[in-house]
$ cat target.pdb   # PDB, C-alpha atoms
ATOM      1  CA  MET A   1      55.291  34.571 -16.678
ATOM      2  CA  ASN A   2      55.259  30.972 -17.726
ATOM      3  CA  ALA A   3      55.907  28.620 -14.823
ATOM      4  CA  GLN A   4      56.988  25.095 -15.573
ATOM      5  CA  LEU A   5      56.279  22.096 -13.415
ATOM      6  CA  ASN A   6      59.007  19.526 -13.128
ATOM      7  CA  VAL A   7      57.287  16.241 -12.354
ATOM      8  CA  ARG A   8      59.200  13.006 -12.221
ATOM      9  CA  MET A   9      57.199  10.197 -13.684
ATOM     10  CA  ASP A  10      59.136   7.490 -11.857
ATOM     11  CA  ALA A  11      58.604   8.986  -8.391
ATOM     12  CA  PRO A  12      56.247   6.946  -6.179
ATOM     13  CA  LEU A  13      52.935   8.526  -5.287
ATOM     14  CA  THR A  14      52.467   8.019  -1.571
ATOM     15  CA  ALA A  15      49.499  10.335  -1.123
ATOM     16  CA  ARG A  16      47.214   8.205  -3.271
ATOM     17  CA  PRO A  17      45.056   5.897  -1.106
ATOM     18  CA  THR A  18      45.034   2.244  -1.961
ATOM     19  CA  ALA A  19      42.125  -0.166  -1.746
ATOM     20  CA  GLY A  20      43.695  -1.813   1.315
ATOM     21  CA  SER A  21      43.924   1.453   3.214
ATOM     22  CA  ALA A  22      40.268   2.260   2.489
ATOM     23  CA  VAL A  23      39.185  -1.106   3.882
ATOM     24  CA  ARG A  24      41.424  -0.632   6.901
ATOM     25  CA  GLY A  25      39.907   2.818   7.476
ATOM     26  CA  ARG A  26      36.378   1.436   7.397
ATOM     27  CA  GLU A  27      37.384  -1.353   9.785
ATOM     28  CA  ALA A  28      38.944   1.181  12.143
ATOM     29  CA  ASP A  29      35.790   3.310  11.999
ATOM     30  CA  GLY A  30      33.703   0.245  12.805
ATOM     31  CA  MET A  31      35.968  -0.560  15.739
ATOM     32  CA  ALA A  32      35.565   2.983  17.065
ATOM     33  CA  VAL A  33      31.767   2.750  16.915
ATOM     34  CA  ALA A  34      31.789  -0.744  18.441
ATOM     35  CA  SER A  35      34.034   0.487  21.253
ATOM     36  CA  PHE A  36      31.617   3.306  22.025
ATOM     37  CA  VAL A  37      28.525   1.073  21.939
ATOM     38  CA  LEU A  38      30.109  -1.698  24.039
ATOM     39  CA  GLY A  39      31.368   0.823  26.577
ATOM     40  CA  LEU A  40      27.932   2.378  26.845
ATOM     41  CA  ILE A  41      26.140  -0.952  27.265
ATOM     42  CA  GLY A  42      28.838  -2.096  29.674
ATOM     43  CA  LEU A  43      27.858   0.589  32.165
ATOM     44  CA  LEU A  44      24.676  -1.378  32.818
ATOM     45  CA  LEU A  45      25.351  -4.993  31.817
ATOM     46  CA  PHE A  46      28.350  -7.325  31.813
ATOM     47  CA  ASN A  47      30.911  -4.643  32.585
ATOM     48  CA  VAL A  48      33.494  -7.297  33.425
ATOM     49  CA  VAL A  49      33.507  -8.363  29.743
ATOM     50  CA  LEU A  50      32.352  -5.301  27.824
ATOM     51  CA  GLY A  51      34.682  -2.841  29.574
ATOM     52  CA  PRO A  52      37.924  -4.500  28.477
ATOM     53  CA  LEU A  53      36.476  -5.117  25.000
ATOM     54  CA  ALA A  54      35.680  -1.409  24.661
ATOM     55  CA  LEU A  55      39.217  -0.534  25.739
ATOM     56  CA  VAL A  56      40.833  -2.900  23.255
ATOM     57  CA  LEU A  57      38.631  -1.883  20.321
ATOM     58  CA  GLY A  58      39.091   1.822  21.055
ATOM     59  CA  ALA A  59      42.864   1.475  21.229
ATOM     60  CA  LEU A  60      42.970  -0.561  18.007
ATOM     61  CA  ALA A  61      40.815   2.006  16.226
ATOM     62  CA  LEU A  62      43.171   4.803  17.276
ATOM     63  CA  VAL A  63      46.260   2.841  16.254
ATOM     64  CA  ARG A  64      44.766   2.077  12.830
ATOM     65  CA  GLY A  65      43.964   5.746  12.260
ATOM     66  CA  THR A  66      40.196   5.978  12.436
ATOM     67  CA  ALA A  67      38.373   9.002  11.114
ATOM     68  CA  ARG A  68      36.069   8.730  14.132
ATOM     69  CA  ARG A  69      38.709   9.610  16.689
ATOM     70  CA  GLY A  70      36.227  11.153  19.132
ATOM     71  CA  ARG A  71      34.085   8.038  19.113
ATOM     72  CA  ALA A  72      37.160   5.881  19.822
ATOM     73  CA  LEU A  73      38.208   8.152  22.689
ATOM     74  CA  LEU A  74      34.685   7.991  24.134
ATOM     75  CA  GLY A  75      34.871   4.195  23.850
ATOM     76  CA  LEU A  76      38.124   4.231  25.819
ATOM     77  CA  ALA A  77      36.623   6.490  28.481
ATOM     78  CA  LEU A  78      33.467   4.388  28.774
ATOM     79  CA  GLY A  79      35.506   1.168  28.930
ATOM     80  CA  ALA A  80      37.522   2.627  31.799
ATOM     81  CA  ALA A  81      34.289   3.783  33.471
ATOM     82  CA  ASP A  82      32.940   0.226  33.155
ATOM     83  CA  LEU A  83      35.907  -1.081  35.116
ATOM     84  CA  VAL A  84      35.533   1.658  37.736
ATOM     85  CA  VAL A  85      31.851   0.763  38.167
ATOM     86  CA  LEU A  86      32.865  -2.879  38.535
ATOM     87  CA  ALA A  87      35.502  -2.031  41.164
ATOM     88  CA  VAL A  88      33.068   0.143  43.143
ATOM     89  CA  THR A  89      30.387  -2.544  42.981
ATOM     90  CA  ILE A  90      32.785  -5.212  44.223
ATOM     91  CA  ALA A  91      34.102  -2.962  47.005
ATOM     92  CA  HIS A  92      30.591  -1.996  48.094
ATOM     93  CA  SER A  93      29.272  -5.561  48.150
ATOM     94  CA  HIS A  94      32.402  -6.963  49.856
ATOM     95  CA  GLY A  95      33.450  -9.017  46.839
ATOM     96  CA  VAL A  96      30.076 -10.628  46.137
ATOM     97  CA  LEU A  97      28.626  -9.742  42.734
ATOM     98  CA  TRP A  98      25.673 -12.145  42.761
ATOM     99  CA  GLN A  99      24.031 -13.701  45.746
ATOM    100  CA  ILE A 100      21.789 -16.661  45.102
ATOM    101  CA  GLY A 101      19.332 -17.586  47.810
TER     102      GLY A 101
END
$ encode --input "target.pdb" --output "structure tokens"
Amino acid sequence: MNAQLNVRMDAPLTARPTAGSAVRGREADGMAVASFVLGLIGLLLFNVVLGPLALVLGALALVRGTARRGRALLGLALGAADLVVLAVTIAHSHGVLWQIG
């Protein structure tokens, strides 16, 4: 049996990655890792700033199609945990984060 392939030469190839998509993928992977690291550090320091940053970077990484999906999801979870820690700290200290003197 001789099977013939009918390939149209003028058909666009959409499965072939372009240079722009490779750069975007690396940027999305970097955002996923940054989200995870910022969320982890935010549990101890500056959770009012690092928590929302981890949430934004994790969401952007997922939207841009990162290969490190688990890392981006962990960044989202840690960013949310940062904000929960902040809320509990504020509720426990009656709204005072720092007391000088």
$ residues_around --input "target.pdb" --residues "segment 53-64 of chain A" --least-positions-apart "5" --cutoff "7 Å" --atoms "all atoms listed in the file" --output "mmCIF file with C-alpha atoms, in the coordinates of the input"
data_model
loop_
_atom_site.group_PDB
_atom_site.id
_atom_site.type_symbol
_atom_site.label_atom_id
_atom_site.label_comp_id
_atom_site.auth_asym_id
_atom_site.auth_seq_id
_atom_site.Cartn_x
_atom_site.Cartn_y
_atom_site.Cartn_z
ATOM 1 C CA ALA A 28 38.944 1.181 12.143
ATOM 2 C CA ASP A 29 35.790 3.310 11.999
ATOM 3 C CA MET A 31 35.968 -0.560 15.739
ATOM 4 C CA ALA A 32 35.565 2.983 17.065
ATOM 5 C CA SER A 35 34.034 0.487 21.253
ATOM 6 C CA PHE A 36 31.617 3.306 22.025
ATOM 7 C CA LEU A 38 30.109 -1.698 24.039
ATOM 8 C CA GLY A 39 31.368 0.823 26.577
ATOM 9 C CA ARG A 69 38.709 9.610 16.689
ATOM 10 C CA ALA A 72 37.160 5.881 19.822
ATOM 11 C CA LEU A 73 38.208 8.152 22.689
ATOM 12 C CA GLY A 75 34.871 4.195 23.850
ATOM 13 C CA LEU A 76 38.124 4.231 25.819
ATOM 14 C CA GLY A 79 35.506 1.168 28.930
#
$ closest_residue --input "target.pdb" --among "A:Ala91, A:Leu74, A:Ile100, A:Val85" --to "Val48 of chain A" --atoms "all atoms listed in the file"
A:Val85
$ atom_distance --input "target.pdb" --atom1 "atom CA of Ile41 of chain A" --atom2 "atom CA of Val84 of chain A"
14.3 Å
$ axis_aligned_box --input "target.pdb" --around "segment 46-65 of chain A" --padding-each-side "5 Å" --output "JSON"
{"center_x": 37.3, "center_y": -1.3, "center_z": 22.8, "size_x": 27.9, "size_y": 24.1, "size_z": 31.2}
$ closest_residue --input "target.pdb" --among "A:Ala67, A:Leu43, A:Leu50, A:Ala77" --to "Gly30 of chain A" --atoms "only C-alpha atoms"
A:Ala67
$ atom_distance --input "target.pdb" --atom1 "atom CA of Gly51 of chain A" --atom2 "atom CA of Val88 of chain A"
14.0 Å
$ closest_residue --input "target.pdb" --among "A:Gly65, A:Arg71, A:Ile90, A:Leu78" --to "Glu27 of chain A" --atoms "all atoms listed in the file"
A:Gly65
$ build_atoms --input "target.pdb" --residues "segment 25-61 of chain A" --atoms "N, CA and C atoms" --output "compact mmCIF listing (two decimals), in the frame of the given file"
# COMPACT_ATOMS: atom_id res chain seq x y z
N GLY A 25 40.55 1.65 6.88
CA GLY A 25 39.91 2.82 7.48
C GLY A 25 38.47 2.53 7.88
N ARG A 26 37.76 1.79 7.04
CA ARG A 26 36.38 1.44 7.40
C ARG A 26 36.36 0.48 8.58
N GLU A 27 37.32 -0.44 8.64
CA GLU A 27 37.38 -1.35 9.78
C GLU A 27 37.70 -0.58 11.06
N ALA A 28 38.60 0.38 10.97
CA ALA A 28 38.94 1.18 12.14
C ALA A 28 37.75 2.02 12.59
N ASP A 29 36.98 2.55 11.64
CA ASP A 29 35.79 3.31 12.00
C ASP A 29 34.76 2.41 12.68
N GLY A 30 34.62 1.20 12.18
CA GLY A 30 33.70 0.24 12.80
C GLY A 30 34.14 -0.12 14.21
N MET A 31 35.46 -0.26 14.40
CA MET A 31 35.97 -0.56 15.74
C MET A 31 35.70 0.59 16.70
N ALA A 32 35.82 1.82 16.21
CA ALA A 32 35.56 2.98 17.07
C ALA A 32 34.11 3.01 17.51
N VAL A 33 33.19 2.76 16.58
CA VAL A 33 31.77 2.75 16.92
C VAL A 33 31.45 1.59 17.86
N ALA A 34 32.02 0.42 17.57
CA ALA A 34 31.79 -0.74 18.44
C ALA A 34 32.32 -0.49 19.85
N SER A 35 33.47 0.16 19.95
CA SER A 35 34.03 0.49 21.25
C SER A 35 33.09 1.38 22.04
N PHE A 36 32.55 2.39 21.37
CA PHE A 36 31.62 3.31 22.02
C PHE A 36 30.35 2.59 22.49
N VAL A 37 29.77 1.77 21.61
CA VAL A 37 28.52 1.07 21.94
C VAL A 37 28.75 0.06 23.07
N LEU A 38 29.83 -0.71 22.98
CA LEU A 38 30.11 -1.70 24.04
C LEU A 38 30.40 -1.03 25.37
N GLY A 39 31.11 0.09 25.34
CA GLY A 39 31.37 0.82 26.58
C GLY A 39 30.10 1.37 27.20
N LEU A 40 29.19 1.84 26.35
CA LEU A 40 27.93 2.38 26.84
C LEU A 40 27.05 1.28 27.44
N ILE A 41 26.93 0.17 26.75
CA ILE A 41 26.14 -0.95 27.26
C ILE A 41 26.79 -1.53 28.51
N GLY A 42 28.11 -1.54 28.54
CA GLY A 42 28.84 -2.10 29.67
C GLY A 42 28.62 -1.36 30.98
N LEU A 43 28.16 -0.12 30.92
CA LEU A 43 27.86 0.59 32.16
C LEU A 43 26.71 -0.06 32.92
N LEU A 44 25.84 -0.76 32.20
CA LEU A 44 24.68 -1.38 32.82
C LEU A 44 24.77 -2.90 32.90
N LEU A 45 25.34 -3.53 31.89
CA LEU A 45 25.35 -4.99 31.82
C LEU A 45 26.75 -5.51 31.51
N PHE A 46 27.13 -6.58 32.14
CA PHE A 46 28.35 -7.32 31.81
C PHE A 46 29.60 -6.46 31.71
N ASN A 47 29.77 -5.54 32.66
CA ASN A 47 30.91 -4.64 32.58
C ASN A 47 32.25 -5.35 32.73
N VAL A 48 32.25 -6.56 33.29
CA VAL A 48 33.49 -7.30 33.42
C VAL A 48 34.01 -7.76 32.05
N VAL A 49 33.12 -7.93 31.09
CA VAL A 49 33.51 -8.36 29.74
C VAL A 49 33.53 -7.18 28.78
N LEU A 50 32.49 -6.37 28.80
CA LEU A 50 32.35 -5.30 27.82
C LEU A 50 33.32 -4.15 28.05
N GLY A 51 33.71 -3.91 29.29
CA GLY A 51 34.68 -2.84 29.57
C GLY A 51 36.03 -3.08 28.91
N PRO A 52 36.65 -4.23 29.16
CA PRO A 52 37.92 -4.50 28.48
C PRO A 52 37.80 -4.57 26.95
N LEU A 53 36.68 -5.09 26.45
CA LEU A 53 36.48 -5.12 25.00
C LEU A 53 36.43 -3.70 24.43
N ALA A 54 35.75 -2.80 25.11
CA ALA A 54 35.68 -1.41 24.66
C ALA A 54 37.06 -0.77 24.67
N LEU A 55 37.86 -1.08 25.68
CA LEU A 55 39.22 -0.53 25.74
C LEU A 55 40.08 -1.04 24.58
N VAL A 56 40.01 -2.31 24.32
CA VAL A 56 40.83 -2.90 23.26
C VAL A 56 40.41 -2.37 21.89
N LEU A 57 39.11 -2.36 21.62
CA LEU A 57 38.63 -1.88 20.32
C LEU A 57 38.92 -0.39 20.12
N GLY A 58 38.78 0.39 21.16
CA GLY A 58 39.09 1.82 21.06
C GLY A 58 40.56 2.07 20.78
N ALA A 59 41.42 1.33 21.46
CA ALA A 59 42.86 1.48 21.23
C ALA A 59 43.24 1.03 19.82
N LEU A 60 42.68 -0.10 19.36
CA LEU A 60 42.97 -0.56 18.01
C LEU A 60 42.49 0.43 16.95
N ALA A 61 41.34 1.02 17.18
CA ALA A 61 40.82 2.01 16.23
C ALA A 61 41.74 3.21 16.15
